[in-house]
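What follows is the content of target00.csv (CSV, C-alpha atoms and all ligand atoms).
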chain,number,residue,atom,x,y,z
A,1178,MET,CA,9.2,5.9,-23.2
A,1179,THR,CA,5.8,5.2,-21.8
A,1180,LEU,CA,5.5,3.7,-18.3
A,1181,VAL,CA,2.7,1.2,-17.7
A,1182,LEU,CA,1.7,0.1,-14.2
A,1183,CYS,CA,-0.2,-3.0,-13.4
A,1184,ASP,CA,-2.7,-2.4,-10.6
A,1185,LEU,CA,-5.1,-4.7,-8.7
A,1186,LEU,CA,-8.6,-3.8,-9.7
A,1187,GLY,CA,-11.3,-3.7,-7.0
A,1188,ARG,CA,-15.0,-3.2,-7.7
A,1189,ASP,CA,-16.0,0.0,-9.4
A,1190,GLY,CA,-13.2,2.6,-8.9
A,1191,TYR,CA,-11.7,1.1,-5.7
A,1192,ARG,CA,-8.0,0.7,-6.0
A,1193,PHE,CA,-6.7,-0.4,-2.6
A,1194,SER,CA,-3.6,-2.5,-3.0
A,1195,PRO,CA,-1.1,-1.3,-0.3
A,1196,TYR,CA,1.8,-2.3,-2.5
A,1197,VAL,CA,0.5,-0.5,-5.6
A,1198,TRP,CA,-0.1,2.6,-3.5
A,1199,ARG,CA,3.5,2.7,-2.6
A,1200,THR,CA,4.4,2.6,-6.3
A,1201,LYS,CA,1.8,5.3,-7.2
A,1202,MET,CA,3.2,7.6,-4.6
A,1203,ALA,CA,6.8,6.8,-5.7
A,1204,LEU,CA,5.9,7.6,-9.3
A,1205,ALA,CA,4.3,10.9,-8.2
A,1206,HIS,CA,7.4,11.7,-6.1
A,1207,LYS,CA,9.5,11.3,-9.2
A,1208,GLY,CA,7.1,13.4,-11.3
A,1209,LEU,CA,6.3,10.4,-13.5
A,1210,ALA,CA,3.0,9.4,-15.0
A,1211,ALA,CA,2.1,5.8,-15.9
A,1212,ASP,CA,-0.7,4.2,-17.9
A,1213,ILE,CA,-2.6,1.7,-15.8
A,1214,VAL,CA,-3.6,-1.8,-16.7
A,1215,GLY,CA,-5.3,-4.1,-14.2
A,1216,ILE,CA,-5.5,-7.6,-12.9
A,1217,THR,CA,-7.9,-9.2,-10.5
A,1218,LEU,CA,-7.3,-12.1,-8.1
A,1219,THR,CA,-8.9,-14.4,-10.6
A,1220,ASP,CA,-7.9,-12.8,-13.9
A,1221,LYS,CA,-4.2,-12.1,-14.4
A,1222,SER,CA,-4.3,-12.0,-18.2
A,1223,ALA,CA,-3.1,-8.4,-18.4
A,1224,LEU,CA,0.3,-9.7,-17.3
A,1225,SER,CA,0.5,-12.4,-19.9
A,1226,GLY,CA,3.2,-11.5,-22.4
A,1227,TRP,CA,4.9,-9.4,-19.7
A,1228,THR,CA,6.0,-11.8,-17.1
A,1229,ASP,CA,5.1,-15.0,-15.2
A,1230,TYR,CA,4.8,-13.0,-12.0
A,1231,ARG,CA,1.2,-12.8,-11.0
A,1232,LYS,CA,0.9,-10.0,-8.5
A,1233,ALA,CA,0.6,-6.2,-8.6
A,1234,PRO,CA,2.4,-3.9,-8.9
A,1235,VAL,CA,4.4,-4.6,-12.0
A,1236,LEU,CA,6.0,-1.8,-14.0
A,1237,LYS,CA,6.7,-1.9,-17.7
A,1238,HIS,CA,9.2,0.6,-19.1
A,1239,GLY,CA,9.8,-0.1,-22.8
A,1240,ASN,CA,11.0,-3.7,-22.8
A,1241,THR,CA,11.9,-3.7,-19.1
A,1242,ILE,CA,9.5,-5.4,-16.7
A,1243,VAL,CA,10.0,-4.7,-13.0
A,1244,CYS,CA,8.1,-6.8,-10.5
A,1245,ASP,CA,7.5,-6.1,-6.8
A,1246,SER,CA,7.0,-2.7,-5.2
A,1247,TRP,CA,10.5,-2.7,-3.7
A,1248,HIS,CA,12.3,-3.4,-6.9
A,1249,ILE,CA,10.2,-0.8,-8.7
A,1250,ALA,CA,11.2,1.9,-6.2
A,1251,VAL,CA,14.9,1.0,-6.6
A,1252,TYR,CA,14.4,1.0,-10.4
A,1253,LEU,CA,12.8,4.4,-10.4
A,1254,GLU,CA,15.7,5.8,-8.2
A,1255,GLU,CA,18.4,4.4,-10.5
A,1256,ASN,CA,16.8,5.5,-13.7
A,1257,TRP,CA,15.5,8.9,-12.7
A,1258,PRO,CA,18.4,10.1,-10.4
A,1259,GLU,CA,17.8,13.8,-11.2
A,1260,ALA,CA,14.2,13.7,-9.9
A,1261,PRO,CA,13.6,14.0,-6.2
A,1262,ALA,CA,15.2,11.1,-4.3
A,1263,LEU,CA,13.2,8.3,-2.9
A,1264,PHE,CA,16.2,7.2,-0.9
A,1265,PRO,CA,18.1,10.5,-0.1
A,1266,ASP,CA,21.1,8.6,1.4
A,1267,ARG,CA,22.1,5.1,2.4
A,1268,ALA,CA,20.6,5.4,5.8
A,1269,SER,CA,17.2,6.1,4.3
A,1270,LEU,CA,17.6,3.1,2.0
A,1271,SER,CA,18.3,0.8,5.0
A,1272,PHE,CA,15.5,2.4,7.0
A,1273,ALA,CA,13.1,1.7,4.1
A,1274,ARG,CA,14.3,-1.8,3.8
A,1275,PHE,CA,13.6,-2.4,7.4
A,1276,LEU,CA,10.1,-0.8,7.1
A,1277,ASN,CA,9.4,-2.9,4.1
A,1278,ALA,CA,10.0,-6.1,6.1
A,1279,TRP,CA,8.4,-4.9,9.3
A,1280,VAL,CA,5.2,-3.8,7.7
A,1281,VAL,CA,4.8,-7.2,6.0
A,1282,SER,CA,5.8,-9.3,8.9
A,1283,ASP,CA,4.1,-7.4,11.8
A,1284,LEU,CA,1.7,-4.6,10.8
A,1285,TYR,CA,-0.1,-6.1,7.8
A,1286,PRO,CA,-1.1,-9.4,9.6
A,1287,LEU,CA,-2.4,-7.4,12.5
A,1288,LEU,CA,-4.4,-5.0,10.3
A,1289,LEU,CA,-5.8,-7.5,7.9
A,1290,PRO,CA,-8.4,-9.2,10.3
A,1291,LEU,CA,-9.6,-5.8,11.4
A,1292,ILE,CA,-10.8,-4.8,7.9
A,1293,ALA,CA,-10.9,-8.1,6.0
A,1294,ARG,CA,-14.7,-8.2,5.9
A,1295,ASP,CA,-14.9,-4.6,4.7
A,1296,VAL,CA,-12.3,-5.4,2.0
A,1297,LEU,CA,-14.5,-8.1,0.7
A,1298,ASP,CA,-17.1,-5.5,-0.2
A,1299,HIS,CA,-14.5,-3.7,-2.4
A,1300,VAL,CA,-12.9,-6.5,-4.2
A,1301,HIS,CA,-13.8,-7.1,-7.9
A,1302,SER,CA,-17.1,-9.0,-8.1
A,1303,GLY,CA,-15.4,-12.0,-9.7
A,1304,ASP,CA,-12.9,-12.2,-6.8
A,1305,ARG,CA,-15.3,-12.4,-3.8
A,1306,ALA,CA,-15.4,-16.2,-3.4
A,1307,ARG,CA,-11.6,-16.6,-3.8
A,1308,TYR,CA,-10.9,-13.7,-1.5
A,1309,ARG,CA,-13.2,-15.1,1.2
A,1310,ALA,CA,-11.8,-18.6,0.9
A,1311,THR,CA,-8.1,-17.7,1.0
A,1312,ARG,CA,-8.5,-15.2,3.9
A,1313,GLU,CA,-10.7,-17.5,6.0
A,1314,GLU,CA,-8.2,-20.3,5.5
A,1315,ARG,CA,-5.5,-18.1,6.8
A,1316,PHE,CA,-7.5,-16.8,9.8
A,1317,GLY,CA,-9.1,-20.1,10.8
A,1318,ARG,CA,-12.3,-18.2,11.3
A,1319,THR,CA,-14.8,-16.4,9.1
A,1320,LEU,CA,-14.3,-12.8,7.9
A,1321,GLU,CA,-17.3,-11.9,10.0
A,1322,GLN,CA,-15.9,-13.6,13.1
A,1323,ALA,CA,-12.5,-11.9,12.6
A,1324,GLN,CA,-14.0,-8.4,12.2
A,1325,ALA,CA,-16.4,-8.9,15.2
A,1326,GLN,CA,-13.3,-8.9,17.4
A,1327,ARG,CA,-11.8,-5.7,16.0
A,1328,GLU,CA,-12.6,-3.3,18.7
A,1329,SER,CA,-10.4,-5.3,21.1
A,1330,GLU,CA,-7.8,-6.5,18.6
A,1331,ALA,CA,-7.2,-3.0,17.2
A,1332,ALA,CA,-5.4,-2.1,20.4
A,1333,LEU,CA,-2.5,-4.5,19.5
A,1334,PHE,CA,-2.2,-3.0,16.0
A,1335,ARG,CA,-2.2,0.5,17.5
A,1336,SER,CA,0.4,-0.3,20.1
A,1337,ARG,CA,2.7,-2.0,17.5
A,1338,LEU,CA,2.9,1.4,15.8
A,1339,ASP,CA,4.6,2.9,18.8
A,1340,PRO,CA,8.2,2.9,17.4
A,1341,ILE,CA,7.1,4.7,14.2
A,1342,ARG,CA,4.8,7.0,16.2
A,1343,GLU,CA,7.9,8.1,18.0
A,1344,VAL,CA,9.5,9.0,14.7
A,1345,VAL,CA,6.7,11.2,13.4
A,1346,ALA,CA,6.2,12.8,16.7
A,1347,ASN,CA,9.6,14.3,16.2
A,1348,SER,CA,9.8,14.8,12.4
A,1349,PRO,CA,7.3,15.7,9.7
A,1350,PHE,CA,8.2,12.7,7.6
A,1351,LEU,CA,10.1,9.5,8.3
A,1352,CYS,CA,13.3,10.8,6.7
A,1353,GLY,CA,13.0,14.4,7.8
A,1354,ASP,CA,11.4,17.4,6.4
A,1355,THR,CA,10.3,15.9,3.1
A,1356,PRO,CA,8.8,12.5,2.3
A,1357,CYS,CA,10.8,9.5,1.2
A,1358,TYR,CA,10.1,6.0,0.1
A,1359,ALA,CA,9.8,4.8,3.8
A,1360,ASP,CA,6.8,7.1,4.1
A,1361,TYR,CA,5.1,5.6,1.1
A,1362,ILE,CA,5.6,2.1,2.5
A,1363,LEU,CA,3.7,3.0,5.7
A,1364,PHE,CA,1.2,5.1,3.8
A,1365,GLY,CA,0.3,2.2,1.6
A,1366,LEU,CA,-0.9,0.3,4.6
A,1367,PHE,CA,-3.1,3.1,5.8
A,1368,GLN,CA,-4.4,3.8,2.3
A,1369,TRP,CA,-5.4,0.2,1.9
A,1370,ALA,CA,-7.6,0.6,5.0
A,1371,ARG,CA,-8.9,4.0,4.1
A,1372,CYS,CA,-10.0,2.8,0.6
A,1373,THR,CA,-11.9,-0.2,2.0
A,1374,SER,CA,-13.1,0.5,5.5
A,1375,ALA,CA,-14.7,3.2,7.7
A,1376,PHE,CA,-13.2,1.7,10.8
A,1377,PRO,CA,-11.2,4.4,12.6
A,1378,LEU,CA,-7.6,3.2,13.1
A,1379,LEU,CA,-6.0,6.4,14.5
A,1380,ASP,CA,-7.2,8.8,17.2
A,1381,HIS,CA,-7.1,12.5,16.1
A,1382,ALA,CA,-4.5,13.3,18.8
A,1383,ASP,CA,-2.2,10.5,17.4
A,1384,PRO,CA,1.0,12.0,15.7
A,1385,LEU,CA,0.4,9.3,13.0
A,1386,TYR,CA,-3.0,10.9,12.3
A,1387,ALA,CA,-1.3,14.2,11.4
A,1388,TRP,CA,1.3,12.4,9.4
A,1389,ARG,CA,-1.3,10.5,7.4
A,1390,ARG,CA,-3.2,13.8,6.8
A,1391,GLU,CA,0.0,15.2,5.3
A,1392,MET,CA,0.5,12.1,3.2
A,1393,LEU,CA,-3.1,12.3,1.9
A,1394,ASP,CA,-2.5,15.9,0.8
A,1395,LEU,CA,0.7,15.1,-1.2
A,1396,PHE,CA,0.7,15.5,-5.0
A,1397,ALA,CA,-2.5,17.5,-5.1
A,1398,GLY,CA,-4.3,15.0,-2.9
A,1399,LEU,CA,-3.5,11.9,-4.9
A,1400,GLY,CA,-4.3,9.6,-2.0
A,1401,ARG,CA,-7.2,11.7,-0.7
A,1402,GLU,CA,-8.9,11.8,-4.1
A,1403,ALA,CA,-9.0,8.0,-4.4
A,1404,PRO,CA,-12.4,6.5,-3.6
A,1405,GLY,CA,-12.5,5.6,0.1
A,1406,TYR,CA,-13.7,6.7,3.5
A,1407,PRO,CA,-13.2,9.8,5.6
A,1408,CYS,CA,-10.5,9.1,8.2
A,1501,LIG,N1,6.0,-8.3,-2.3
A,1501,LIG,C1,5.0,-7.8,-3.3
A,1501,LIG,C2,3.6,-8.1,-2.8
A,1501,LIG,C3,2.6,-7.8,-3.9
A,1501,LIG,C4,1.2,-8.3,-3.6
A,1501,LIG,O1,1.0,-9.2,-2.7
A,1501,LIG,N2,0.2,-7.9,-4.4
A,1501,LIG,C5,-1.2,-8.3,-4.2
A,1501,LIG,C6,-2.1,-7.1,-4.2
A,1501,LIG,S1,-2.1,-6.3,-2.7
A,1501,LIG,C7,-1.6,-9.1,-5.4
A,1501,LIG,O2,-1.4,-8.7,-6.5
A,1501,LIG,N3,-2.1,-10.3,-5.1
A,1501,LIG,C8,-2.6,-11.2,-6.2
A,1501,LIG,C9,-2.7,-12.6,-5.7
A,1501,LIG,O3,-2.3,-12.9,-4.6
A,1501,LIG,O4,-3.3,-13.3,-6.5
A,1501,LIG,C10,5.3,-6.3,-3.5
A,1501,LIG,O5,5.8,-5.6,-2.6
A,1501,LIG,O6,4.9,-5.7,-4.6
Can I see the file as structure tokens?
Ligand SMILES: N[C@@H](CCC(=O)N[C@@H](CS)C(=O)NCC(=O)O)C(=O)O
Amino acid sequence: MTLVLCDLLGRDGYRFSPYVWRTKMALAHKGLAADIVGITLTDKSALSGWTDYRKAPVLKHGNTIVCDSWHIAVYLEENWPEAPALFPDRASLSFARFLNAWVVSDLYPLLLPLIARDVLDHVHSGDRARYRATREERFGRTLEQAQAQRESEAALFRSRLDPIREVVANSPFLCGDTPCYADYILFGLFQWARCTSAFPLLDHADPLYAWRREMLDLFAGLGREAPGYPC
């Protein structure tokens, strides 16, 4: 049965949704391929007839529609148990659940203003006005003002990574010697930045830099091959 993944389309070939990247990596981890359909911020018609949910990713598997990257990961694990595990044990499931919440509540809001103006240059042409209006309302300042502060504000983002830096300083991946879904959650965040911005987030000596390099190389360079910037 064919799998179809709904992605968020940027301009040209740019595909930067942090949540969709988690799912793309999870599909590759399971050895699964999916046809891609796309929505934009202003045109969600590709999801009509599937679901009333209006965000990407959404996965269609036969008549089953799975919304939200977390639910998709759990669905893949339950339906392809013989393929490499995304959650090798209960501890890795709990850890990924923690990371899922922590990235959204802490890391994403700190990273967004650092790259938001750069992201604008990569959204679908029809999305520019909406993207700017919604983000500027959230920030209470223009995208340009937000990004102008990034050299100083990046320090807070980098320091908030300390707990996870400690993990990858002692282990190749977040669950041990092989990647698991927790890695894909964190990778999605960095891939969003790499696909939209040349701003250097990590120093070369940072253990997270080496971890991200390994992540970019996985699955024949799935992440590295995507249009983006050297990092
Ligand atoms: N909790 C969701 C978040 C999905 C999400 O926010 N997707 C964004 C793309 S990065 C989206 O489709 N936004 C469309 C919109 O807000 O209109 C998940 O984990 O999948």
>> Which residues are close to Tyr1230 (chain A), i.e. within 10 Å by all atoms listed in the file, leaving aside same-chain residues fewer than 4 positions away? Reply as a list of chain:residue names.
In response: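 Neighbouring residues, sequence-local ones excluded: A:Lys1221, A:Leu1224, A:Ser1225, A:Pro1234, A:Val1235, A:Val1243, A:Cys1244, A:Asp1245.
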>> I'd like to know which of A:Ser1269, A:Thr1179, A:Ser1282, A:Asn1240 is closest to ligand LIG 1501 (chain A), using all atoms listed in the file.
In response: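 Counting all atoms listed in the file, the residue closest to ligand LIG 1501 (chain A) is A:Ser1282.
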>> I need the residue nearest Met1392 (chain A) from this list: A:Ile1362, A:Thr1373, A:Gln1322, A:Ile1216. Use all atoms listed in the file for the distance.
In response: A:Ile1362
>> Using all atoms listed in the file, can you tell me which of A:Trp1247, A:Tyr1361, A:Phe1316, A:Tyr1252 comes closest to ligand LIG 1501 (chain A)?
In response: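 Among the listed residues, A:Trp1247 lies closest to ligand LIG 1501 (chain A).
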> Using only C-alpha atoms and all ligand atoms, which protein or nucleic acid residues are at most 10 Å from ligand LIG 1501 (chain A), as a ChimeraX atom specification?
Replying inline: /A:1183-1186,1192-1200,1215-1221,1230-1235,1243-1250,1277-1278,1281,1304,1307-1308,1311,1362,1365-1366,1369
>> I'd like the contact shell of Ala1323 (chain A) - 10 Å cut-off, all atoms listed in the file, skipping same-chain residues fewer than 6 positions apart - returned as number ranges by chain.
In response: A: 1289-1294, 1313, 1316-1317, 1330
>> Which residues are close to Leu1253 (chain A), i.e. within 10 Å by only C-alpha atoms, leaving aside same-chain residues fewer than 6 positions away? Reply as a ChimeraX atom specification.
In response: /A:1200,1203-1204,1207,1209,1236,1243,1260,1262-1263
Quick one: write out the picked residues with C-alpha atoms as a short mmCIF file (atom, residue, chain, number, x, y, z; two decimals), keeping the file's coordinate frame?
data_model
loop_
_atom_site.label_atom_id
_atom_site.label_comp_id
_atom_site.auth_asym_id
_atom_site.auth_seq_id
_atom_site.Cartn_x
_atom_site.Cartn_y
_atom_site.Cartn_z
CA THR A 1200 4.40 2.60 -6.30
CA ALA A 1203 6.80 6.80 -5.70
CA LEU A 1204 5.90 7.60 -9.30
CA LYS A 1207 9.50 11.30 -9.20
CA LEU A 1209 6.30 10.40 -13.50
CA LEU A 1236 6.00 -1.80 -14.00
CA VAL A 1243 10.00 -4.70 -13.00
CA ALA A 1260 14.20 13.70 -9.90
CA ALA A 1262 15.20 11.10 -4.30
CA LEU A 1263 13.20 8.30 -2.90
#
>> Tell me which residues come within 12 Å of (-4.0, 10.6, 20.6), as a list in words, counting only C-alpha atoms in the file's coordinates.
In response: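 Every residue inside that radius is included here: Arg1335, Ser1336, Asp1339, Arg1342, Ala1346, Leu1378, Leu1379, Asp1380, His1381, Ala1382, Asp1383, Pro1384, Leu1385, Tyr1386 and Ala1387 of chain A.
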